[in-house]
$ cat structure.pdb   # PDB, C-alpha atoms and all ligand atoms
ATOM      1  CA  MET A   1       3.549 -18.973  -7.140
ATOM      2  CA  SER A   2       4.711 -17.129  -4.049
ATOM      3  CA  GLU A   3       2.345 -15.266  -1.780
ATOM      4  CA  PRO A   4       2.453 -11.474  -1.538
ATOM      5  CA  ASN A   5       4.074 -10.013   1.550
ATOM      6  CA  ILE A   6       1.821  -7.510   3.357
ATOM      7  CA  GLN A   7       3.313  -5.252   6.005
ATOM      8  CA  LEU A   8       1.759  -2.535   8.128
ATOM      9  CA  MET A   9       4.517   0.049   8.307
ATOM     10  CA  GLU A  10       4.994   1.759  11.660
ATOM     11  CA  ASN A  11       3.273   5.168  11.427
ATOM     12  CA  GLY A  12       2.805   4.598   7.696
ATOM     13  CA  PRO A  13       1.124   2.764   4.848
ATOM     14  CA  ILE A  14       0.239  -0.822   4.072
ATOM     15  CA  LEU A  15       3.117  -2.121   1.965
ATOM     16  CA  ILE A  16       2.335  -4.994  -0.413
ATOM     17  CA  LYS A  17       5.283  -6.715  -2.084
ATOM     18  CA  GLY A  18       5.226  -9.598  -4.516
ATOM     19  CA  PRO A  19       3.217 -10.926  -7.443
ATOM     20  CA  GLY A  20      -0.215  -9.616  -8.265
ATOM     21  CA  LYS A  21      -2.026  -6.998 -10.298
ATOM     22  CA  TYR A  22      -3.893  -3.812  -9.533
ATOM     23  CA  VAL A  23      -7.406  -3.471 -10.966
ATOM     24  CA  ASN A  24      -8.988  -0.020 -10.678
ATOM     25  CA  ALA A  25     -12.614   0.821  -9.886
ATOM     26  CA  GLU A  26     -13.516   0.572 -13.580
ATOM     27  CA  GLY A  27     -12.229  -2.996 -13.697
ATOM     28  CA  GLN A  28      -9.158  -2.067 -15.739
ATOM     29  CA  GLU A  29      -5.795  -3.553 -14.888
ATOM     30  CA  GLU A  30      -3.151  -0.885 -14.326
ATOM     31  CA  GLN A  31       0.516  -1.575 -14.909
ATOM     32  CA  LYS A  32       2.933  -0.766 -12.104
ATOM     33  CA  ASP A  33       6.626  -0.187 -12.706
ATOM     34  CA  GLN A  34       7.556  -1.649  -9.362
ATOM     35  CA  ASN A  35       6.783  -4.964  -7.676
ATOM     36  CA  TRP A  36       5.162  -3.305  -4.660
ATOM     37  CA  LEU A  37       2.287  -1.032  -3.689
ATOM     38  CA  ALA A  38       1.988   1.337  -0.714
ATOM     39  CA  LEU A  39      -1.638   1.819   0.305
ATOM     40  CA  CYS A  40      -2.663   4.747   2.483
ATOM     41  CA  ARG A  41      -4.088   3.944   5.908
ATOM     42  CA  CYS A  42      -3.931   7.442   7.387
ATOM     43  CA  GLY A  43      -6.783   8.756   5.207
ATOM     44  CA  HIS A  44      -4.947  11.920   4.102
ATOM     45  CA  SER A  45      -3.347  10.930   0.791
ATOM     46  CA  PRO A  46      -4.505  13.033  -2.195
ATOM     47  CA  ILE A  47      -3.855  10.022  -4.441
ATOM     48  CA  HIS A  48      -5.913   7.565  -2.404
ATOM     49  CA  PRO A  49      -5.800   4.562  -2.259
ATOM     50  CA  PHE A  50      -2.045   5.018  -2.643
ATOM     51  CA  CYS A  51       0.313   6.535  -0.094
ATOM     52  CA  ASP A  52       2.220   9.652  -1.155
ATOM     53  CA  GLY A  53       4.022  10.281   2.148
ATOM     54  CA  THR A  54       1.468  12.769   3.533
ATOM     55  CA  HIS A  55       1.180  10.605   6.680
ATOM     56  CA  LYS A  56       4.515  12.066   7.834
ATOM     57  CA  GLU A  57       3.356  15.689   7.840
ATOM     58  CA  LYS A  58       0.026  14.678   9.438
ATOM     59  CA  GLY A  59       1.782  12.883  12.301
ATOM     60  CA  PHE A  60      -0.057   9.620  11.657
ATOM     61  CA  GLU A  61       0.605   7.056  14.375
ATOM     62  CA  ALA A  62      -0.036   3.336  14.074
ATOM     63  CA  ALA A  63       1.637   0.121  15.074
ATOM     64  CA  LYS A  64       3.602  -2.009  12.647
ATOM     65  CA  GLY A  65       2.550  -5.541  11.792
ATOM     66  CA  GLU A  66       2.232  -8.193   9.119
ATOM     67  CA  ILE A  67      -0.669  -9.903   7.413
ATOM     68  CA  HIS A  68      -0.231 -13.523   6.339
ATOM     69  CA  THR A  69      -2.508 -14.873   3.624
ATOM     70  CA  SER A  70      -1.809 -18.574   4.122
TER      71      SER A  70
HETATM   72  S1  LIG B 101      -0.374   6.334   4.857
HETATM   73 FE1  LIG B 101       0.922   7.520   3.633
HETATM   74  S2  LIG B 101      -0.306   9.156   2.949
HETATM   75 FE2  LIG B 101      -1.631   7.953   4.175
END

$ encode --input "structure.pdb" --output "structure tokens" --more "lines below"
Ligand code: FES
Amino acid sequence: MSEPNIQLMENGPILIKGPGKYVNAEGQEEQKDQNWLALCRCGHSPIHPFCDGTHKEKGFEAAKGEIHTS
């Protein structure tokens, strides 16, 4: 099984690509149509924990990077 790829997007969200599942706060697994998730790190998304693009209008600034799990 391959490891997920986790990227910190420049001035944007945490992008997670690859296998895995999302379990909500109630412990229920939620199906995603795509094989990636964009998690908000600016703190302004109305659909937190997900990014909806609000970081652009807020002028969020942050460096890009990668997180390796192995
Ligand atoms: S990082 Fe995109 S809305 Fe927060």

$ residues_near_ligand --input "structure.pdb" --ligand "ligand LIG 101 (chain B)" --cutoff "7 Å" --atoms "all atoms listed in the file" --output "CSV table (one decimal) with C-alpha atoms, keeping the file's coordinate frame"
chain,number,residue,atom,x,y,z
A,12,GLY,CA,2.8,4.6,7.7
A,13,PRO,CA,1.1,2.8,4.8
A,39,LEU,CA,-1.6,1.8,0.3
A,40,CYS,CA,-2.7,4.7,2.5
A,41,ARG,CA,-4.1,3.9,5.9
A,42,CYS,CA,-3.9,7.4,7.4
A,43,GLY,CA,-6.8,8.8,5.2
A,44,HIS,CA,-4.9,11.9,4.1
A,45,SER,CA,-3.3,10.9,0.8
A,51,CYS,CA,0.3,6.5,-0.1
A,52,ASP,CA,2.2,9.7,-1.2
A,53,GLY,CA,4.0,10.3,2.1
A,54,THR,CA,1.5,12.8,3.5
A,55,HIS,CA,1.2,10.6,6.7

$ residues_around --input "structure.pdb" --residues "A:Ile6" --least-positions-apart "3" --cutoff "9 Å" --atoms "only C-alpha atoms" --output "PyMOL selection string"
chain A and resi 14-18+65-69

$ closest_residue --input "structure.pdb" --among "A:Pro4, A:Tyr22, A:Glu10, A:Gln28" --to "A:Phe50" --atoms "only C-alpha atoms"
A:Tyr22

$ closest_residue --input "structure.pdb" --among "A:Met9, A:Gly20, A:Gln31, A:Trp36" --to "A:Ala62" --atoms "only C-alpha atoms"
A:Met9

$ closest_residue --input "structure.pdb" --among "A:Lys32, A:Asn5, A:Ala38, A:Asn11" --to "A:Glu57" --atoms "all atoms listed in the file"
A:Asn11

$ atom_distance --input "structure.pdb" --atom1 "atom CA of A:Lys64" --atom2 "atom CA of A:Glu3"
19.6 Å
